[in-house]
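What's in target.json: JSON, N, CA and C atoms
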```json
[["chain", "number", "residue", "atom", "x", "y", "z"],
["A", 1, "MET", "N", 155.11, 86.19, -23.28],
["A", 1, "MET", "CA", 156.31, 86.61, -23.98],
["A", 1, "MET", "C", 156.80, 87.90, -23.35],
["A", 2, "GLY", "N", 158.05, 87.89, -22.92],
["A", 2, "GLY", "CA", 158.61, 89.05, -22.25],
["A", 2, "GLY", "C", 159.01, 90.14, -23.22],
["A", 3, "LYS", "N", 159.35, 91.29, -22.65],
["A", 3, "LYS", "CA", 159.72, 92.43, -23.47],
["A", 3, "LYS", "C", 161.02, 92.18, -24.23],
["A", 4, "THR", "N", 161.95, 91.45, -23.62],
["A", 4, "THR", "CA", 163.22, 91.18, -24.30],
["A", 4, "THR", "C", 163.02, 90.22, -25.46],
["A", 5, "ASN", "N", 162.14, 89.23, -25.30],
["A", 5, "ASN", "CA", 161.86, 88.32, -26.41],
["A", 5, "ASN", "C", 161.20, 89.06, -27.56],
["A", 6, "PHE", "N", 160.32, 90.00, -27.25],
["A", 6, "PHE", "CA", 159.67, 90.79, -28.29],
["A", 6, "PHE", "C", 160.70, 91.58, -29.09],
["A", 7, "LYS", "N", 161.66, 92.18, -28.42],
["A", 7, "LYS", "CA", 162.70, 92.95, -29.12],
["A", 7, "LYS", "C", 163.52, 92.06, -30.03],
["A", 8, "PHE", "N", 163.81, 90.84, -29.57],
["A", 8, "PHE", "CA", 164.58, 89.90, -30.39],
["A", 8, "PHE", "C", 163.80, 89.52, -31.65],
["A", 9, "TYR", "N", 162.54, 89.16, -31.49],
["A", 9, "TYR", "CA", 161.73, 88.78, -32.65],
["A", 9, "TYR", "C", 161.47, 89.96, -33.57],
["A", 10, "TYR", "N", 161.35, 91.14, -33.00],
["A", 10, "TYR", "CA", 161.19, 92.34, -33.82],
["A", 10, "TYR", "C", 162.44, 92.58, -34.66],
["A", 11, "GLY", "N", 163.61, 92.30, -34.11],
["A", 11, "GLY", "CA", 164.85, 92.41, -34.86],
["A", 11, "GLY", "C", 164.88, 91.44, -36.02],
["A", 12, "ILE", "N", 164.41, 90.23, -35.80],
["A", 12, "ILE", "CA", 164.36, 89.24, -36.88],
["A", 12, "ILE", "C", 163.40, 89.71, -37.98],
["A", 13, "ILE", "N", 162.27, 90.27, -37.58],
["A", 13, "ILE", "CA", 161.30, 90.77, -38.57],
["A", 13, "ILE", "C", 161.89, 91.92, -39.37],
["A", 14, "LEU", "N", 162.62, 92.83, -38.71],
["A", 14, "LEU", "CA", 163.24, 93.94, -39.42],
["A", 14, "LEU", "C", 164.24, 93.43, -40.46],
["A", 15, "ILE", "N", 165.03, 92.44, -40.10],
["A", 15, "ILE", "CA", 166.00, 91.89, -41.04],
["A", 15, "ILE", "C", 165.28, 91.23, -42.21],
["A", 16, "ALA", "N", 164.23, 90.50, -41.94],
["A", 16, "ALA", "CA", 163.48, 89.83, -43.01],
["A", 16, "ALA", "C", 162.85, 90.85, -43.96],
["A", 17, "VAL", "N", 162.32, 91.93, -43.43],
["A", 17, "VAL", "CA", 161.73, 92.97, -44.27],
["A", 17, "VAL", "C", 162.82, 93.65, -45.10],
["A", 18, "GLY", "N", 163.97, 93.90, -44.51],
["A", 18, "GLY", "CA", 165.08, 94.50, -45.25],
["A", 18, "GLY", "C", 165.53, 93.61, -46.40],
["A", 19, "LEU", "N", 165.62, 92.31, -46.15],
["A", 19, "LEU", "CA", 165.99, 91.39, -47.22],
["A", 19, "LEU", "C", 164.90, 91.34, -48.29],
["A", 20, "GLY", "N", 163.65, 91.45, -47.87],
["A", 20, "GLY", "CA", 162.55, 91.49, -48.83],
["A", 20, "GLY", "C", 162.61, 92.72, -49.72],
["A", 21, "VAL", "N", 163.03, 93.85, -49.15],
["A", 21, "VAL", "CA", 163.20, 95.07, -49.96],
["A", 21, "VAL", "C", 164.27, 94.84, -51.02],
["A", 22, "PHE", "N", 165.40, 94.24, -50.63],
["A", 22, "PHE", "CA", 166.46, 93.96, -51.60],
["A", 22, "PHE", "C", 165.98, 93.00, -52.69],
["A", 23, "TYR", "N", 165.15, 92.05, -52.31],
["A", 23, "TYR", "CA", 164.64, 91.07, -53.27],
["A", 23, "TYR", "C", 163.69, 91.72, -54.29],
["A", 24, "ARG", "N", 162.91, 92.68, -53.83],
["A", 24, "ARG", "CA", 161.88, 93.30, -54.68],
["A", 24, "ARG", "C", 162.38, 94.47, -55.52],
["A", 25, "ILE", "N", 163.54, 95.02, -55.22],
["A", 25, "ILE", "CA", 164.01, 96.23, -55.91],
["A", 25, "ILE", "C", 164.02, 96.07, -57.43],
["A", 26, "PRO", "N", 164.61, 95.01, -58.00],
["A", 26, "PRO", "CA", 164.64, 94.92, -59.47],
["A", 26, "PRO", "C", 163.25, 94.91, -60.11],
["A", 27, "GLN", "N", 162.29, 94.26, -59.47],
["A", 27, "GLN", "CA", 160.94, 94.19, -60.03],
["A", 27, "GLN", "C", 160.22, 95.53, -59.92],
["A", 28, "VAL", "N", 160.42, 96.20, -58.81],
["A", 28, "VAL", "CA", 159.74, 97.49, -58.59],
["A", 28, "VAL", "C", 160.34, 98.57, -59.47],
["A", 29, "ILE", "N", 161.65, 98.54, -59.68],
["A", 29, "ILE", "CA", 162.30, 99.55, -60.51],
["A", 29, "ILE", "C", 161.76, 99.49, -61.94],
["A", 30, "LEU", "N", 161.50, 98.30, -62.44],
["A", 30, "LEU", "CA", 160.92, 98.18, -63.79],
["A", 30, "LEU", "C", 159.56, 98.85, -63.87],
["A", 31, "GLN", "N", 158.77, 98.73, -62.82],
["A", 31, "GLN", "CA", 157.46, 99.38, -62.80],
["A", 31, "GLN", "C", 157.58, 100.89, -62.65],
["A", 32, "ILE", "N", 158.55, 101.33, -61.87],
["A", 32, "ILE", "CA", 158.73, 102.76, -61.64],
["A", 32, "ILE", "C", 159.26, 103.44, -62.90],
["A", 33, "GLU", "N", 160.06, 102.73, -63.69],
["A", 33, "GLU", "CA", 160.59, 103.31, -64.92],
["A", 33, "GLU", "C", 159.50, 103.64, -65.92],
["A", 34, "THR", "N", 158.35, 103.01, -65.81],
["A", 34, "THR", "CA", 157.25, 103.32, -66.74],
["A", 34, "THR", "C", 156.59, 104.66, -66.43],
["A", 35, "ILE", "N", 156.82, 105.20, -65.24],
["A", 35, "ILE", "CA", 156.26, 106.50, -64.87],
["A", 35, "ILE", "C", 157.18, 107.59, -65.43],
["A", 36, "GLU", "N", 156.63, 108.46, -66.21],
["A", 36, "GLU", "CA", 157.42, 109.48, -66.91],
["A", 36, "GLU", "C", 158.21, 110.38, -65.95],
["A", 37, "PHE", "N", 157.62, 110.74, -64.83],
["A", 37, "PHE", "CA", 158.27, 111.66, -63.89],
["A", 37, "PHE", "C", 159.57, 111.09, -63.32],
["A", 38, "PHE", "N", 159.61, 109.76, -63.11],
["A", 38, "PHE", "CA", 160.76, 109.15, -62.46],
["A", 38, "PHE", "C", 161.83, 108.66, -63.42],
["A", 39, "ARG", "N", 161.63, 108.78, -64.71],
["A", 39, "ARG", "CA", 162.63, 108.27, -65.67],
["A", 39, "ARG", "C", 163.98, 108.96, -65.51],
["A", 40, "GLN", "N", 163.97, 110.24, -65.27],
["A", 40, "GLN", "CA", 165.22, 110.98, -65.11],
["A", 40, "GLN", "C", 165.81, 110.80, -63.71],
["A", 41, "LYS", "N", 165.02, 110.35, -62.76],
["A", 41, "LYS", "CA", 165.45, 110.25, -61.37],
["A", 41, "LYS", "C", 165.56, 108.80, -60.90],
["A", 42, "ILE", "N", 165.70, 107.85, -61.81],
["A", 42, "ILE", "CA", 165.67, 106.44, -61.45],
["A", 42, "ILE", "C", 166.86, 106.07, -60.57],
["A", 43, "PHE", "N", 168.00, 106.71, -60.78],
["A", 43, "PHE", "CA", 169.16, 106.42, -59.92],
["A", 43, "PHE", "C", 168.87, 106.81, -58.47],
["A", 44, "LEU", "N", 168.26, 107.96, -58.28],
["A", 44, "LEU", "CA", 167.93, 108.41, -56.93],
["A", 44, "LEU", "C", 166.92, 107.49, -56.26],
["A", 45, "VAL", "N", 165.92, 107.04, -57.02],
["A", 45, "VAL", "CA", 164.91, 106.13, -56.48],
["A", 45, "VAL", "C", 165.55, 104.80, -56.08],
["A", 46, "ARG", "N", 166.41, 104.27, -56.95],
["A", 46, "ARG", "CA", 167.09, 103.01, -56.65],
["A", 46, "ARG", "C", 168.00, 103.16, -55.43],
["A", 47, "PHE", "N", 168.71, 104.28, -55.34],
["A", 47, "PHE", "CA", 169.57, 104.55, -54.19],
["A", 47, "PHE", "C", 168.77, 104.59, -52.90],
["A", 48, "CYS", "N", 167.60, 105.24, -52.93],
["A", 48, "CYS", "CA", 166.76, 105.33, -51.74],
["A", 48, "CYS", "C", 166.24, 103.97, -51.31],
["A", 49, "PHE", "N", 165.87, 103.12, -52.27],
["A", 49, "PHE", "CA", 165.41, 101.78, -51.93],
["A", 49, "PHE", "C", 166.53, 100.97, -51.26],
["A", 50, "TYR", "N", 167.75, 101.06, -51.80],
["A", 50, "TYR", "CA", 168.87, 100.32, -51.21],
["A", 50, "TYR", "C", 169.21, 100.85, -49.82],
["A", 51, "ILE", "N", 169.14, 102.16, -49.63],
["A", 51, "ILE", "CA", 169.38, 102.73, -48.30],
["A", 51, "ILE", "C", 168.31, 102.25, -47.32],
["A", 52, "LEU", "N", 167.05, 102.24, -47.76],
["A", 52, "LEU", "CA", 165.96, 101.76, -46.90],
["A", 52, "LEU", "C", 166.18, 100.32, -46.48],
["A", 53, "GLY", "N", 166.52, 99.45, -47.42],
["A", 53, "GLY", "CA", 166.78, 98.05, -47.10],
["A", 53, "GLY", "C", 167.96, 97.89, -46.16],
["A", 54, "GLY", "N", 169.02, 98.65, -46.42],
["A", 54, "GLY", "CA", 170.19, 98.58, -45.55],
["A", 54, "GLY", "C", 169.91, 99.05, -44.14],
["A", 55, "LEU", "N", 169.13, 100.10, -44.01],
["A", 55, "LEU", "CA", 168.79, 100.60, -42.67],
["A", 55, "LEU", "C", 167.90, 99.62, -41.91],
["A", 56, "LEU", "N", 166.99, 98.96, -42.62],
["A", 56, "LEU", "CA", 166.15, 97.96, -41.96],
["A", 56, "LEU", "C", 166.99, 96.79, -41.45],
["A", 57, "ILE", "N", 167.93, 96.33, -42.26],
["A", 57, "ILE", "CA", 168.80, 95.23, -41.84],
["A", 57, "ILE", "C", 169.69, 95.67, -40.68],
["A", 58, "LEU", "N", 170.21, 96.89, -40.76],
["A", 58, "LEU", "CA", 171.05, 97.41, -39.68],
["A", 58, "LEU", "C", 170.27, 97.53, -38.37],
["A", 59, "ALA", "N", 169.05, 98.04, -38.44],
["A", 59, "ALA", "CA", 168.23, 98.19, -37.23],
["A", 59, "ALA", "C", 167.92, 96.83, -36.62],
["A", 60, "GLY", "N", 167.62, 95.85, -37.45],
["A", 60, "GLY", "CA", 167.36, 94.50, -36.94],
["A", 60, "GLY", "C", 168.61, 93.89, -36.33],
["A", 61, "GLY", "N", 169.74, 94.11, -36.96],
["A", 61, "GLY", "CA", 170.99, 93.60, -36.41],
["A", 61, "GLY", "C", 171.34, 94.23, -35.07],
["A", 62, "ILE", "N", 171.09, 95.51, -34.94],
["A", 62, "ILE", "CA", 171.36, 96.20, -33.67],
["A", 62, "ILE", "C", 170.45, 95.65, -32.57],
["A", 63, "ARG", "N", 169.18, 95.43, -32.88],
["A", 63, "ARG", "CA", 168.26, 94.88, -31.88],
["A", 63, "ARG", "C", 168.69, 93.48, -31.44],
["A", 64, "MET", "N", 169.10, 92.66, -32.38],
["A", 64, "MET", "CA", 169.53, 91.31, -32.05],
["A", 64, "MET", "C", 170.84, 91.33, -31.26],
["A", 65, "TYR", "N", 171.74, 92.23, -31.62],
["A", 65, "TYR", "CA", 173.00, 92.36, -30.91],
["A", 65, "TYR", "C", 172.78, 92.78, -29.46],
["A", 66, "LYS", "N", 171.88, 93.74, -29.25],
["A", 66, "LYS", "CA", 171.58, 94.18, -27.89],
["A", 66, "LYS", "C", 170.92, 93.08, -27.08],
["A", 67, "PHE", "N", 170.19, 92.20, -27.72],
["A", 67, "PHE", "CA", 169.55, 91.09, -27.02],
["A", 67, "PHE", "C", 170.60, 90.15, -26.46],
["A", 68, "TYR", "N", 171.65, 89.87, -27.23],
["A", 68, "TYR", "CA", 172.68, 88.95, -26.78],
["A", 68, "TYR", "C", 173.74, 89.60, -25.92],
["A", 69, "LYS", "N", 173.80, 90.91, -25.89],
["A", 69, "LYS", "CA", 174.80, 91.63, -25.10],
["A", 69, "LYS", "C", 174.50, 91.63, -23.64]]
```
Output the structure of this file as structure tokens.
Amino acid sequence: MGKTNFKFYYGIILIAVGLGVFYRIPQVILQIETIEFFRQKIFLVRFCFYILGGLLILAGGIRMYKFYK
């Protein structure tokens, strides 16, 4: 497997992990809300999770785009 193929498959993995983060956010937020420290900061935690998922999808998309370019 060449280096370019690895970058392409790594991009696919990044996108899949990003989608997995979006899928898990509602379930994880319910668990995080039970922690007293995070009850007042739940909006910030949710925002950070969505940013993380978005960045993972963006990074995977950039890798795949560069592969086809």
Would you kindly return, as a compact mmCIF listing (two decimals) with N, CA and C atoms, keeping the file's coordinate frame, each protein, DNA or RNA residue with an atom no farther than 8 Å from any atom of Ala16 of chain A, considering only N, CA and C atoms and excluding same-chain residues fewer than 6 positions away?
```txt
# COMPACT_ATOMS: atom_id res chain seq x y z
N TYR A 10 161.35 91.14 -33.00
CA TYR A 10 161.19 92.34 -33.82
C TYR A 10 162.44 92.58 -34.66
N PHE A 22 165.40 94.24 -50.63
CA PHE A 22 166.46 93.96 -51.60
C PHE A 22 165.98 93.00 -52.69
N LEU A 56 166.99 98.96 -42.62
CA LEU A 56 166.15 97.96 -41.96
C LEU A 56 166.99 96.79 -41.45
N ILE A 57 167.93 96.33 -42.26
CA ILE A 57 168.80 95.23 -41.84
C ILE A 57 169.69 95.67 -40.68
N GLY A 60 167.62 95.85 -37.45
CA GLY A 60 167.36 94.50 -36.94
C GLY A 60 168.61 93.89 -36.33
```
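Rounded to one decimal, atom C of Phe8 of chain A and atom N of Pro26 of chain A lie 26.9 Å from each other.
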Next item on the list: Determine which residues of chain A receive a DSSP assignment of alpha helix (DSSP H), computed from the backbone, and state them as a PyMOL selection string.
Entry: chain A and resi 3-33+42-68
Counting only C-alpha atoms, find the residues whose atoms lie at most 12 Å from (169.7, 94.5, -29.0) (file coordinates) and write them out as a short mmCIF file (atom, residue, chain, number, x, y, z; two decimals) with N, CA and C atoms, in the coordinates of the input.
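Below you can see point30.cif, which holds the result:
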```
data_model
loop_
_atom_site.label_atom_id
_atom_site.label_comp_id
_atom_site.auth_asym_id
_atom_site.auth_seq_id
_atom_site.Cartn_x
_atom_site.Cartn_y
_atom_site.Cartn_z
N LYS A 3 159.35 91.29 -22.65
CA LYS A 3 159.72 92.43 -23.47
C LYS A 3 161.02 92.18 -24.23
N THR A 4 161.95 91.45 -23.62
CA THR A 4 163.22 91.18 -24.30
C THR A 4 163.02 90.22 -25.46
N ASN A 5 162.14 89.23 -25.30
CA ASN A 5 161.86 88.32 -26.41
C ASN A 5 161.20 89.06 -27.56
N PHE A 6 160.32 90.00 -27.25
CA PHE A 6 159.67 90.79 -28.29
C PHE A 6 160.70 91.58 -29.09
N LYS A 7 161.66 92.18 -28.42
CA LYS A 7 162.70 92.95 -29.12
C LYS A 7 163.52 92.06 -30.03
N PHE A 8 163.81 90.84 -29.57
CA PHE A 8 164.58 89.90 -30.39
C PHE A 8 163.80 89.52 -31.65
N TYR A 9 162.54 89.16 -31.49
CA TYR A 9 161.73 88.78 -32.65
C TYR A 9 161.47 89.96 -33.57
N TYR A 10 161.35 91.14 -33.00
CA TYR A 10 161.19 92.34 -33.82
C TYR A 10 162.44 92.58 -34.66
N GLY A 11 163.61 92.30 -34.11
CA GLY A 11 164.85 92.41 -34.86
C GLY A 11 164.88 91.44 -36.02
N ILE A 12 164.41 90.23 -35.80
CA ILE A 12 164.36 89.24 -36.88
C ILE A 12 163.40 89.71 -37.98
N LEU A 58 170.21 96.89 -40.76
CA LEU A 58 171.05 97.41 -39.68
C LEU A 58 170.27 97.53 -38.37
N ALA A 59 169.05 98.04 -38.44
CA ALA A 59 168.23 98.19 -37.23
C ALA A 59 167.92 96.83 -36.62
N GLY A 60 167.62 95.85 -37.45
CA GLY A 60 167.36 94.50 -36.94
C GLY A 60 168.61 93.89 -36.33
N GLY A 61 169.74 94.11 -36.96
CA GLY A 61 170.99 93.60 -36.41
C GLY A 61 171.34 94.23 -35.07
N ILE A 62 171.09 95.51 -34.94
CA ILE A 62 171.36 96.20 -33.67
C ILE A 62 170.45 95.65 -32.57
N ARG A 63 169.18 95.43 -32.88
CA ARG A 63 168.26 94.88 -31.88
C ARG A 63 168.69 93.48 -31.44
N MET A 64 169.10 92.66 -32.38
CA MET A 64 169.53 91.31 -32.05
C MET A 64 170.84 91.33 -31.26
N TYR A 65 171.74 92.23 -31.62
CA TYR A 65 173.00 92.36 -30.91
C TYR A 65 172.78 92.78 -29.46
N LYS A 66 171.88 93.74 -29.25
CA LYS A 66 171.58 94.18 -27.89
C LYS A 66 170.92 93.08 -27.08
N PHE A 67 170.19 92.20 -27.72
CA PHE A 67 169.55 91.09 -27.02
C PHE A 67 170.60 90.15 -26.46
N TYR A 68 171.65 89.87 -27.23
CA TYR A 68 172.68 88.95 -26.78
C TYR A 68 173.74 89.60 -25.92
N LYS A 69 173.80 90.91 -25.89
CA LYS A 69 174.80 91.63 -25.10
C LYS A 69 174.50 91.63 -23.64
#
```
6 Å per side around segment 23-32 of chain A: axis-aligned box centre and edge lengths, as AutoDock Vina command-line options:
```
--center_x 161.3 --center_y 97.3 --center_z -58.1 --size_x 19.7 --size_y 24.4 --size_z 23.6
```
Checklist line | For atom CA of Glu33 of chain A and atom CA of Phe47 of chain A, the interatomic separation in Å (one decimal) | finding: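 These atoms are spaced 14.0 Å apart.
For the atom pair formed by atom CA of Arg24 of chain A and atom C of Glu36 of chain A, the distance is 20.8 Å, given to one decimal.
Considering all atoms listed in the file, the residue among A:Ile29, A:Leu55, A:Arg46, A:Phe37 positioned nearest to Ile15 of chain A is A:Leu55.
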